[in-house]
>>> print(open('upload17.txt').read())   # compact mmCIF, C-alpha atoms and all ligand atoms
# COMPACT_ATOMS: atom_id res chain seq x y z
CA MET A 1285 -12.73 54.55 -76.93
CA GLU A 1286 -14.62 51.30 -77.26
CA PHE A 1287 -12.49 48.45 -78.58
CA PHE A 1288 -14.16 46.08 -81.03
CA ASN A 1289 -13.58 42.39 -81.45
CA ARG A 1290 -10.09 41.26 -82.33
CA GLU A 1291 -10.30 37.95 -80.55
CA LYS A 1292 -8.51 35.93 -83.18
CA GLU A 1293 -5.68 38.42 -83.59
CA ILE A 1294 -5.20 38.75 -79.84
CA ARG A 1295 -5.13 34.98 -79.47
CA ASP A 1296 -2.56 34.66 -82.26
CA LEU A 1297 -0.36 37.43 -80.87
CA ILE A 1298 -0.50 36.07 -77.32
CA ASN A 1299 0.52 32.67 -78.65
CA MET A 1300 3.54 34.26 -80.32
CA ILE A 1301 4.45 36.14 -77.15
CA LYS A 1302 4.15 33.05 -74.96
CA GLN A 1303 6.91 31.38 -76.95
CA GLU A 1304 10.55 32.10 -76.36
CA PRO A 1305 11.61 34.99 -78.65
CA ASN A 1306 12.75 33.60 -81.94
CA LEU A 1307 11.41 35.40 -85.01
CA ILE A 1308 10.87 39.09 -85.69
CA THR A 1309 7.16 39.68 -86.32
CA PHE A 1310 6.16 42.14 -89.01
CA ILE A 1311 2.57 43.28 -88.65
CA TYR A 1312 1.13 44.67 -91.82
CA GLY A 1313 -2.23 45.50 -93.35
CA PRO A 1314 -4.15 48.13 -95.29
CA ILE A 1315 -4.23 51.69 -93.99
CA ASN A 1316 -6.51 52.30 -91.02
CA SER A 1317 -7.15 48.60 -90.51
CA GLY A 1318 -6.58 48.94 -86.77
CA LYS A 1319 -2.98 47.75 -86.38
CA THR A 1320 -1.92 50.44 -83.94
CA VAL A 1321 -5.09 50.28 -81.85
CA LEU A 1322 -4.77 46.49 -81.63
CA MET A 1323 -1.17 46.57 -80.45
CA TYR A 1324 -1.85 49.34 -77.91
CA HIS A 1325 -4.81 47.37 -76.61
CA LEU A 1326 -2.65 44.29 -76.32
CA VAL A 1327 0.11 45.94 -74.34
CA GLU A 1328 -2.11 48.14 -72.18
CA LYS A 1329 -5.01 45.85 -71.41
CA ILE A 1330 -4.16 42.24 -72.12
CA LEU A 1331 -0.56 41.39 -71.33
CA PRO A 1332 0.17 40.15 -67.81
CA LYS A 1333 2.29 42.31 -65.52
CA GLU A 1334 5.60 40.55 -66.08
CA TYR A 1335 5.63 41.88 -69.64
CA VAL A 1336 7.15 45.31 -70.14
CA ALA A 1337 6.34 46.88 -73.48
CA PHE A 1338 8.32 49.57 -75.27
CA TYR A 1339 6.07 50.98 -77.95
CA ILE A 1340 8.15 53.20 -80.19
CA ASN A 1341 5.92 55.02 -82.62
CA LEU A 1342 7.80 56.75 -85.42
CA ARG A 1343 4.65 58.32 -86.88
CA GLY A 1344 4.85 62.05 -87.11
CA TYR A 1345 8.63 62.18 -86.83
CA SER A 1346 10.57 63.37 -89.78
CA ILE A 1347 13.73 61.39 -89.31
CA THR A 1348 16.57 62.09 -91.68
CA LYS A 1349 19.60 61.28 -89.53
CA GLN A 1350 20.58 58.58 -87.09
CA GLU A 1351 20.66 61.12 -84.22
CA GLU A 1352 17.01 61.93 -84.78
CA PHE A 1353 16.14 58.27 -84.64
CA LEU A 1354 18.03 57.84 -81.37
CA LYS A 1355 16.11 60.74 -79.88
CA VAL A 1356 12.87 58.86 -80.51
CA LEU A 1357 14.26 55.52 -79.41
CA PHE A 1358 15.50 56.74 -76.03
CA GLU A 1359 14.12 58.72 -73.13
CA VAL A 1360 16.80 60.52 -71.11
CA TYR A 1361 16.84 60.48 -67.28
CA ASP A 1362 19.32 61.69 -64.73
CA GLU A 1363 20.79 59.00 -62.54
CA ASN A 1364 18.29 59.36 -59.68
CA SER A 1365 15.14 59.39 -61.69
CA PHE A 1366 16.44 56.52 -63.83
CA ARG A 1367 16.85 54.39 -60.71
CA LYS A 1368 13.34 55.33 -59.56
CA LYS A 1369 11.97 54.50 -62.96
CA PHE A 1370 13.75 51.17 -63.03
CA ASP A 1371 12.39 50.40 -59.61
CA ARG A 1372 8.85 51.10 -60.74
CA ILE A 1373 9.32 48.84 -63.74
CA LEU A 1374 10.58 46.03 -61.51
CA LYS A 1375 7.58 46.40 -59.22
CA GLY A 1376 5.25 46.08 -62.20
CA LEU A 1377 3.97 49.63 -61.73
CA GLU A 1378 4.97 50.73 -65.21
CA THR A 1379 4.39 48.18 -67.92
CA TYR A 1380 4.18 50.36 -70.95
CA HIS A 1381 6.72 52.88 -72.24
CA LYS A 1382 7.16 55.11 -75.25
CA ALA A 1383 10.93 54.77 -75.39
CA ILE A 1384 13.89 53.02 -73.81
CA PRO A 1385 15.13 54.81 -70.69
CA VAL A 1386 18.76 55.86 -70.60
CA ILE A 1387 20.93 57.73 -68.10
CA ARG A 1388 21.98 61.17 -69.24
CA SER A 1389 25.72 60.57 -68.91
CA ILE A 1390 25.50 57.51 -71.16
CA TRP A 1391 23.27 59.42 -73.52
CA ARG A 1392 25.82 62.22 -73.85
CA GLU A 1393 28.39 59.68 -74.92
CA PHE A 1394 26.24 58.74 -77.90
CA PHE A 1395 26.60 62.22 -79.24
CA PHE A 1396 29.75 63.68 -77.79
CA GLY A 1397 31.77 60.68 -76.68
CA GLU A 1398 33.94 58.17 -78.42
CA LYS A 1399 32.81 57.15 -81.85
CA SER A 1400 32.85 53.47 -81.01
CA PHE A 1401 30.16 53.82 -78.36
CA ASP A 1402 27.18 51.81 -79.49
CA ALA A 1403 23.66 52.94 -78.69
CA PHE A 1404 22.26 49.57 -79.66
CA LYS A 1405 24.51 47.89 -77.13
CA HIS A 1406 22.73 49.94 -74.48
CA VAL A 1407 19.36 48.58 -75.64
CA GLU A 1408 20.76 45.08 -75.34
CA ASN A 1409 22.17 45.66 -71.86
CA PHE A 1410 19.00 47.28 -70.63
CA LEU A 1411 16.83 44.42 -71.87
CA GLN A 1412 19.26 41.90 -70.39
CA GLU A 1413 18.88 43.61 -67.03
CA LEU A 1414 15.08 43.35 -67.23
CA ASN A 1415 15.37 39.66 -68.15
CA ASN A 1416 17.70 39.07 -65.21
CA LYS A 1417 14.99 40.40 -62.92
CA GLY A 1418 12.42 38.02 -64.38
CA LEU A 1419 10.64 40.54 -66.60
CA LYS A 1420 9.74 39.93 -70.22
CA PRO A 1421 10.33 42.91 -72.45
CA ILE A 1422 8.59 43.45 -75.78
CA ILE A 1423 9.67 46.04 -78.30
CA ILE A 1424 7.17 47.36 -80.80
CA PHE A 1425 8.15 49.69 -83.60
CA ASP A 1426 5.23 51.36 -85.29
CA GLU A 1427 5.65 52.99 -88.71
CA LEU A 1428 9.10 51.50 -89.14
CA GLN A 1429 9.11 52.56 -92.81
CA VAL A 1430 9.86 56.12 -91.67
CA ILE A 1431 13.55 55.20 -91.46
CA LYS A 1432 13.71 53.03 -94.56
CA ASP A 1433 15.99 55.30 -96.59
CA ILE A 1434 18.26 56.82 -93.95
CA LYS A 1435 21.92 56.19 -94.62
CA ILE A 1436 24.74 56.53 -92.15
CA ASN A 1437 27.47 54.41 -93.67
CA GLU A 1438 25.03 51.70 -94.47
CA LEU A 1439 21.26 51.94 -94.32
CA LEU A 1440 20.10 52.47 -90.73
CA ILE A 1441 17.30 49.97 -91.28
CA TYR A 1442 19.89 47.19 -91.72
CA ARG A 1443 21.49 48.06 -88.41
CA ILE A 1444 18.06 47.94 -86.82
CA PHE A 1445 17.34 44.56 -88.40
CA ASN A 1446 20.64 43.30 -87.05
CA LEU A 1447 19.66 44.51 -83.61
CA PHE A 1448 16.27 42.79 -83.93
CA ILE A 1449 17.89 39.51 -84.99
CA ARG A 1450 20.27 39.72 -82.06
CA LEU A 1451 17.52 40.46 -79.54
CA THR A 1452 15.22 37.69 -80.77
CA LYS A 1453 16.83 34.66 -82.30
CA GLU A 1454 20.33 35.03 -80.83
CA LEU A 1455 19.92 36.37 -77.30
CA LYS A 1456 16.21 35.56 -76.74
CA LEU A 1457 15.97 38.82 -74.82
CA CYS A 1458 12.67 40.15 -76.07
CA HIS A 1459 9.92 39.88 -78.64
CA VAL A 1460 10.14 42.36 -81.48
CA PHE A 1461 7.15 43.55 -83.46
CA ALA A 1462 7.40 45.98 -86.35
CA ILE A 1463 4.22 47.50 -87.76
CA THR A 1464 3.71 49.14 -91.11
CA SER A 1465 1.00 49.82 -93.64
CA ASP A 1466 3.47 50.73 -96.35
CA SER A 1467 2.95 47.96 -98.92
CA THR A 1468 6.13 48.60 -100.82
CA PHE A 1469 8.17 48.55 -97.63
CA ILE A 1470 6.70 45.23 -96.50
CA GLU A 1471 7.37 43.82 -99.95
CA ARG A 1472 10.98 44.93 -99.70
CA ILE A 1473 11.34 43.40 -96.24
CA TYR A 1474 9.70 40.19 -97.37
CA ASN A 1475 12.32 39.77 -100.06
CA GLU A 1476 15.21 40.89 -97.89
CA ALA A 1477 17.83 38.17 -97.73
CA MET A 1478 19.05 39.04 -94.25
CA LEU A 1479 15.56 38.43 -92.84
CA GLN A 1480 15.00 35.07 -94.50
CA GLY A 1481 14.14 32.47 -91.87
CA ARG A 1482 14.32 35.12 -89.16
CA SER A 1483 10.98 36.82 -89.52
CA ARG A 1484 7.29 36.15 -89.86
CA TYR A 1485 4.45 38.27 -91.21
CA TYR A 1486 1.08 38.82 -89.63
CA LEU A 1487 -1.76 40.47 -91.49
CA VAL A 1488 -4.17 42.69 -89.57
CA ASP A 1489 -6.90 43.28 -92.09
CA ASP A 1490 -10.19 45.19 -92.01
CA PHE A 1491 -13.01 43.39 -90.17
CA ASP A 1492 -14.87 40.65 -92.05
CA LYS A 1493 -18.57 40.90 -92.88
CA GLU A 1494 -19.72 38.80 -89.96
CA THR A 1495 -17.86 40.99 -87.46
CA VAL A 1496 -19.18 44.17 -89.07
CA GLU A 1497 -22.74 42.83 -88.80
CA LYS A 1498 -22.23 41.93 -85.18
CA ILE A 1499 -20.75 45.30 -84.25
CA LEU A 1500 -23.38 47.33 -86.10
CA ARG A 1501 -26.30 45.25 -84.89
CA SER A 1502 -25.17 45.77 -81.31
CA LYS A 1503 -25.32 49.50 -82.03
CA GLY A 1504 -28.89 49.35 -83.27
CA PHE A 1505 -28.29 49.45 -87.03
CA SER A 1506 -31.08 48.05 -89.22
CA ASP A 1507 -30.40 45.36 -91.85
CA GLU A 1508 -30.62 47.98 -94.55
CA GLU A 1509 -28.17 50.27 -92.79
CA ILE A 1510 -25.77 47.38 -92.26
CA ASP A 1511 -25.91 46.55 -95.98
CA THR A 1512 -25.22 50.16 -96.86
CA VAL A 1513 -22.28 50.43 -94.48
CA TRP A 1514 -20.81 47.17 -95.78
CA LYS A 1515 -21.23 48.27 -99.40
CA TYR A 1516 -19.42 51.58 -98.91
CA PHE A 1517 -17.07 51.01 -95.99
CA GLY A 1518 -16.53 47.25 -95.91
CA GLY A 1519 -14.83 46.36 -92.63
CA LYS A 1520 -12.62 49.45 -92.31
CA PRO A 1521 -12.69 50.16 -88.56
CA ILE A 1522 -12.17 53.90 -88.83
CA TYR A 1523 -15.26 54.29 -91.02
CA LEU A 1524 -17.34 51.96 -88.84
CA VAL A 1525 -16.56 54.17 -85.86
CA GLU A 1526 -17.60 57.18 -87.91
CA ALA A 1527 -20.87 55.51 -88.94
CA ILE A 1528 -21.66 54.53 -85.35
CA GLN A 1529 -20.95 58.03 -84.03
CA SER A 1530 -22.94 59.68 -86.81
CA LYS A 1531 -25.94 57.46 -86.19
CA LYS A 1532 -25.75 58.28 -82.52
CA VAL A 1533 -26.22 61.97 -83.28
CA GLY A 1534 -29.09 61.19 -85.65
CA ARG A 1535 -27.37 61.43 -89.02
CA ASN A 1536 -28.65 59.42 -91.95
CA VAL A 1537 -26.26 56.52 -92.47
CA LYS A 1538 -26.65 56.38 -96.26
CA GLU A 1539 -25.96 60.09 -96.57
CA LEU A 1540 -22.79 59.73 -94.57
CA CYS A 1541 -21.60 56.79 -96.68
CA GLU A 1542 -22.28 58.65 -99.91
CA GLU A 1543 -20.48 61.73 -98.67
CA PHE A 1544 -17.33 59.70 -97.98
CA TYR A 1545 -17.70 57.97 -101.31
CA ARG A 1546 -18.04 61.23 -103.28
CA LEU A 1547 -14.96 62.62 -101.58
CA ARG A 1548 -12.81 59.56 -102.24
CA LYS A 1549 -14.00 59.27 -105.83
CA SER A 1550 -13.19 62.88 -106.47
CA GLN A 1551 -9.68 62.43 -105.04
CA VAL A 1552 -8.98 59.35 -107.14
CA LEU A 1553 -10.35 61.06 -110.22
CA ASP A 1554 -8.09 64.10 -109.67
CA MET A 1555 -5.05 61.86 -109.38
CA LEU A 1556 -5.94 60.10 -112.61
CA TYR A 1557 -6.57 63.34 -114.51
CA MET A 1558 -3.22 64.64 -113.36
CA LEU A 1559 -1.52 61.43 -114.41
CA ARG A 1560 -3.17 61.62 -117.82
CA ARG A 1561 -1.79 65.12 -118.29
CA GLU A 1562 1.69 64.21 -117.14
CA ASP A 1563 2.16 60.71 -118.51
CA ALA A 1564 -0.52 59.50 -120.92
CA GLU A 1565 1.16 56.13 -121.42
CA MET A 1566 1.27 55.41 -117.69
CA PHE A 1567 -2.33 56.53 -117.38
CA LYS A 1568 -3.36 53.91 -119.93
CA ARG A 1569 -1.48 51.21 -118.09
CA VAL A 1570 -3.02 52.22 -114.76
CA ILE A 1571 -6.47 51.96 -116.30
CA GLU A 1572 -5.59 48.47 -117.53
CA VAL A 1573 -4.79 47.46 -113.94
CA LEU A 1574 -8.05 48.98 -112.68
CA LYS A 1575 -10.03 47.03 -115.26
CA ASN A 1576 -9.15 43.84 -113.36
CA PHE A 1577 -11.35 45.03 -110.53
CA LYS A 1578 -14.50 45.43 -112.61
CA ASP A 1579 -15.84 42.15 -111.36
CA ARG A 1580 -13.29 41.11 -108.75
CA ASN A 1581 -12.39 42.43 -105.31
CA GLU A 1582 -8.80 41.23 -105.38
CA VAL A 1583 -6.35 40.17 -108.03
CA VAL A 1584 -3.29 37.94 -108.04
CA TYR A 1585 -0.32 39.78 -109.55
CA GLU A 1586 2.56 38.36 -111.53
CA GLU A 1587 5.06 41.13 -110.91
CA ILE A 1588 4.93 44.56 -109.35
CA THR A 1589 4.82 46.78 -112.41
CA PRO A 1590 5.31 50.58 -112.32
CA GLU A 1591 1.56 51.05 -112.82
CA ILE A 1592 0.75 48.81 -109.84
CA LEU A 1593 3.34 50.73 -107.86
CA TRP A 1594 1.72 54.03 -108.83
CA LEU A 1595 -1.63 52.80 -107.50
CA ILE A 1596 -0.02 51.57 -104.30
CA ASN A 1597 1.83 54.81 -103.73
CA LYS A 1598 -1.43 56.71 -104.14
CA ASN A 1599 -2.99 54.47 -101.48
CA ILE A 1600 -5.59 53.23 -103.93
CA LEU A 1601 -4.32 49.65 -103.87
CA PHE A 1602 -2.88 47.58 -101.05
CA LEU A 1603 -0.34 44.89 -101.82
CA GLU A 1604 -0.10 41.66 -99.92
CA PRO A 1605 3.23 40.06 -100.94
CA MET A 1606 2.67 36.85 -98.97
CA ASN A 1607 -0.21 35.82 -101.23
CA ARG A 1608 0.80 37.98 -104.21
CA ILE A 1609 -2.50 39.81 -104.07
CA ILE A 1610 -3.44 43.40 -104.85
CA LYS A 1611 -6.71 44.80 -103.60
CA PRO A 1612 -8.27 48.22 -103.05
CA GLN A 1613 -7.38 49.92 -99.77
CA SER A 1614 -11.10 49.86 -98.91
CA HIS A 1615 -14.54 49.44 -100.43
CA LEU A 1616 -14.60 53.17 -101.11
CA GLU A 1617 -11.67 52.80 -103.51
CA LEU A 1618 -13.25 49.75 -105.11
CA LEU A 1619 -16.52 51.60 -105.76
CA ALA A 1620 -14.65 54.67 -106.96
CA MET A 1621 -12.50 52.61 -109.35
CA ARG A 1622 -15.54 50.92 -110.87
CA ASN A 1623 -17.41 54.15 -111.29
CA ILE A 1624 -14.40 55.86 -112.85
CA LEU A 1625 -13.97 53.02 -115.36
CA GLU A 1626 -17.53 53.64 -116.48
CA LYS A 1627 -16.83 57.32 -116.68
CA PHE A 1628 -13.82 56.73 -118.94
CA ASN A 1629 -15.94 54.29 -120.90
CA VAL A 1630 -13.69 51.30 -120.41
N1 LIG A 1701 -10.55 47.19 -82.74
C1 LIG A 1701 -11.02 48.44 -82.87
N2 LIG A 1701 -12.06 48.86 -82.12
C2 LIG A 1701 -12.54 50.10 -82.25
N3 LIG A 1701 -12.06 51.02 -83.11
C3 LIG A 1701 -11.02 50.66 -83.87
C4 LIG A 1701 -10.44 49.36 -83.80
N4 LIG A 1701 -9.43 49.30 -84.68
C5 LIG A 1701 -9.39 50.51 -85.27
N5 LIG A 1701 -10.33 51.33 -84.80
C6 LIG A 1701 -10.61 52.70 -85.26
O1 LIG A 1701 -9.89 52.92 -86.47
C7 LIG A 1701 -8.94 53.98 -86.32
C8 LIG A 1701 -7.68 53.63 -87.06
O2 LIG A 1701 -7.03 52.55 -86.41
P1 LIG A 1701 -5.45 52.45 -86.35
O3 LIG A 1701 -4.83 53.79 -86.26
O4 LIG A 1701 -5.12 51.45 -85.32
O5 LIG A 1701 -5.17 51.85 -87.80
P2 LIG A 1701 -3.74 51.48 -88.42
O6 LIG A 1701 -3.93 50.22 -89.15
O7 LIG A 1701 -2.70 51.54 -87.38
O8 LIG A 1701 -3.61 52.71 -89.43
P3 LIG A 1701 -2.28 53.18 -90.23
O9 LIG A 1701 -2.31 52.40 -91.47
O10 LIG A 1701 -2.52 54.63 -90.47
O11 LIG A 1701 -1.11 52.91 -89.36
C9 LIG A 1701 -8.80 54.14 -84.83
O12 LIG A 1701 -8.49 55.48 -84.48
C10 LIG A 1701 -10.15 53.74 -84.28
O13 LIG A 1701 -11.06 54.82 -84.36
MG MG A 1702 -0.93 52.60 -87.33
>>> encode(input="upload17.txt", output="structure tokens")
Amino acid sequence: MEFFNREKEIRDLINMIKQEPNLITFIYGPINSGKTVLMYHLVEKILPKEYVAFYINLRGYSITKQEEFLKVLFEVYDENSFRKKFDRILKGLETYHKAIPVIRSIWREFFFGEKSFDAFKHVENFLQELNNKGLKPIIIFDELQVIKDIKINELLIYRIFNLFIRLTKELKLCHVFAITSDSTFIERIYNEAMLQGRSRYYLVDDFDKETVEKILRSKGFSDEEIDTVWKYFGGKPIYLVEAIQSKKVGRNVKELCEEFYRLRKSQVLDMLYMLRREDAEMFKRVIEVLKNFKDRNEVVYEEITPEILWLINKNILFLEPMNRIIKPQSHLELLAMRNILEKFNV
């Protein structure tokens, strides 16, 4: 896969990583803005060898209990293969991992041993060992919102935050990045007292117009085609890739854009019709929110009302709590919203 320009983001992230670990970094942005691809690119292609990345991707896991989370967090090895693995890490032969390695006997204690045994302590010890050998570990959690509601005694997410705080600000053992495109989750985190002064937020947004022009021009798009792609897709990387691939096989770019637009409009319309049937009052309020976008691309919000929340949960709007802004998830939603307002005659 070809990787498109993220020079600024890579520069910013490298600058964060060069510092001694201090704050937890939450990476957020609209859906399909390229957060995961960017972080993979960073750890696989950019970071020097002394960095060892643990990229724990919770996407696709249905986690309802702590045990299930631990099974994603750790990778179990018997003693011999663990040693070999550790050796390879020390030699810089393995710089990127999907989980934290653990020896089977220790692992069994998590589940069958004494209750007081702490899995998070193992993470700490393991990272300490890497630090002692001069390596610089980085932990990245992708789709952290998957565990947002799991309760053991307290919410698991709070235990994880405690671990993050310990690993960064207190022990300086590793950098921690947590990625999510769940707007309501990032809003909750942003207002979470325990993270005040211990975290920072980094927005990975869709590409801007200049970047889109540059990418498309390099792929042989005409000015007219570039305008069309920008109008329908904005800078959403996933759609740009689709446009580039479609053009390559000789498809008409405008046709492709309109096909995506029709589909998205139809989906949004169905959701609104259903809402109107189920809750006419809420429907009216949702339409009032949409009206704000008739002649604006983004809107500053006062408070997160239930109608804004409805639009966020349907992935029509994206919420940026740092600047108190709501905006459509992409140009497709914006166009669909405007067209639907006309349809409803408002
Ligand atoms: N920098 C890039 N260069 C090339 N293609 C990209 C880039 N960023 C994203 N893409 C394309 O967009 C798709 C979606 O990107 P990605 O999965 O990283 O988005 P995301 O923000 O993590 O999405 P989600 O909100 O679902 O977590 C990728 O599969 C890839 O096709
Ligand atoms: Mg992602």
>>> atom_distance(input="upload17.txt", atom1="CA of Glu1587 (chain A)", atom2="CA of Met1606 (chain A)")
12.9 Å
>>> residues_near_ligand(input="upload17.txt", ligand="ligand LIG 1701 (chain A)", cutoff="10 Å", atoms="only C-alpha atoms and all ligand atoms", output="MDAnalysis selection string")
chainID A and resid 1285:1291 1311:1325 1341 1343 1426:1427 1463:1466 1488:1491 1499 1520:1526
>>> residues_around(input="upload17.txt", residues="Pro1421 (chain A)", least_positions_apart="5", cutoff="8 Å", atoms="only C-alpha atoms", output="PyMOL selection string")
chain A and resi 1335-1338+1411+1414-1415+1457-1459
>>> atom_distance(input="upload17.txt", atom1="CA of Ala1564 (chain A)", atom2="CA of Ile1470 (chain A)")
29.2 Å
>>> residues_around(input="upload17.txt", residues="Ile1431 (chain A)", least_positions_apart="4", cutoff="12 Å", atoms="only C-alpha atoms", output="PyMOL selection string")
chain A and resi 1341-1354+1356+1425-1427+1435-1436+1439-1445+1464+1469
>>> write_last_selection(input="upload17.txt", atoms="C-alpha atoms", output="short mmCIF file (atom, residue, chain, number, x, y, z; two decimals), in the coordinates of the input")
data_model
loop_
_atom_site.label_atom_id
_atom_site.label_comp_id
_atom_site.auth_asym_id
_atom_site.auth_seq_id
_atom_site.Cartn_x
_atom_site.Cartn_y
_atom_site.Cartn_z
CA ASN A 1341 5.92 55.02 -82.62
CA LEU A 1342 7.80 56.75 -85.42
CA ARG A 1343 4.65 58.32 -86.88
CA GLY A 1344 4.85 62.05 -87.11
CA TYR A 1345 8.63 62.18 -86.83
CA SER A 1346 10.57 63.37 -89.78
CA ILE A 1347 13.73 61.39 -89.31
CA THR A 1348 16.57 62.09 -91.68
CA LYS A 1349 19.60 61.28 -89.53
CA GLN A 1350 20.58 58.58 -87.09
CA GLU A 1351 20.66 61.12 -84.22
CA GLU A 1352 17.01 61.93 -84.78
CA PHE A 1353 16.14 58.27 -84.64
CA LEU A 1354 18.03 57.84 -81.37
CA VAL A 1356 12.87 58.86 -80.51
CA PHE A 1425 8.15 49.69 -83.60
CA ASP A 1426 5.23 51.36 -85.29
CA GLU A 1427 5.65 52.99 -88.71
CA LYS A 1435 21.92 56.19 -94.62
CA ILE A 1436 24.74 56.53 -92.15
CA LEU A 1439 21.26 51.94 -94.32
CA LEU A 1440 20.10 52.47 -90.73
CA ILE A 1441 17.30 49.97 -91.28
CA TYR A 1442 19.89 47.19 -91.72
CA ARG A 1443 21.49 48.06 -88.41
CA ILE A 1444 18.06 47.94 -86.82
CA PHE A 1445 17.34 44.56 -88.40
CA THR A 1464 3.71 49.14 -91.11
CA PHE A 1469 8.17 48.55 -97.63
#
>>> closest_residue(input="upload17.txt", among="A:Lys1329, A:His1406, A:Arg1546, A:Lys1568", to="Leu1357 (chain A)", atoms="all atoms listed in the file")
A:His1406
>>> closest_residue(input="upload17.txt", among="A:Ala1462, A:Met1300, A:Ile1422, A:Ile1294", to="ligand MG 1702 (chain A)", atoms="all atoms listed in the file")
A:Ala1462
>>> atom_distance(input="upload17.txt", atom1="CA of Thr1468 (chain A)", atom2="CA of Ile1340 (chain A)")
21.2 Å
>>> closest_residue(input="upload17.txt", among="A:Asp1402, A:Leu1618, A:Tyr1380, A:Gln1429", to="ligand MG 1702 (chain A)", atoms="only C-alpha atoms and all ligand atoms")
A:Gln1429
>>> closest_residue(input="upload17.txt", among="A:Tyr1339, A:Gly1504, A:Val1584, A:Glu1565", to="ligand MG 1702 (chain A)", atoms="only C-alpha atoms and all ligand atoms")
A:Tyr1339
>>> closest_residue(input="upload17.txt", among="A:Glu1378, A:Pro1385, A:Gln1480, A:Ile1424", to="ligand MG 1702 (chain A)", atoms="only C-alpha atoms and all ligand atoms")
A:Ile1424
>>> residues_around(input="upload17.txt", residues="Ile1298 (chain A)", least_positions_apart="6", cutoff="10 Å", atoms="only C-alpha atoms", output="PyMOL selection string")
chain A and resi 1292+1326+1330-1331
>>> closest_residue(input="upload17.txt", among="A:Glu1572, A:Glu1508, A:Glu1408, A:Glu1617", to="Glu1591 (chain A)", atoms="all atoms listed in the file")
A:Glu1572
>>> residues_around(input="upload17.txt", residues="Gly1518 (chain A)", least_positions_apart="2", cutoff="8 Å", atoms="all atoms listed in the file", output="ChimeraX atom specification")
/A:1490-1493,1496,1513-1516,1520,1614-1615
>>> residues_around(input="upload17.txt", residues="Lys1405 (chain A)", least_positions_apart="3", cutoff="12 Å", atoms="all atoms listed in the file", output="NGL selection string")
:A and (1386 or 1390 or 1394 or 1400-1402 or 1408-1412 or 1443-1444 or 1446-1448 or 1450-1451)
